[in-house]
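The block underneath contains the structure these notes are about, expressed in structure tokens.
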Amino acid sequence: MSHAYSYEYKVVSFRESLIGDALDSGKLEKVLNKHAEDGWALKAITSADVKGRIGPGAVEGLLLTFERPRA
């Protein structure tokens, strides 16, 4: 039995620089709007440790989960 709608998902990690504790809401807004232009709707935001580009450690960041109807 097939469903009327089928969705696909995308998970994007969002992390800030290691300096300071403030989250740059402007950068986050740009990321959200960029994906919205491609038809993705934000499904969830989850706080998580996100692996950094330098070294083995992780920094606090966000995982953004997007959803859109499958073409």
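Residues are named by chain letter and number: chains run A, B, ... in the order of the structure tokens, numbers start at 1 in each chain, and ligands are numbered from 1 in the order shown.
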Residues within 8 Å of segment 60-71 of chain A, only C-alpha atoms, excluding chain neighbours under 4 positions, as a count of residues only | 24
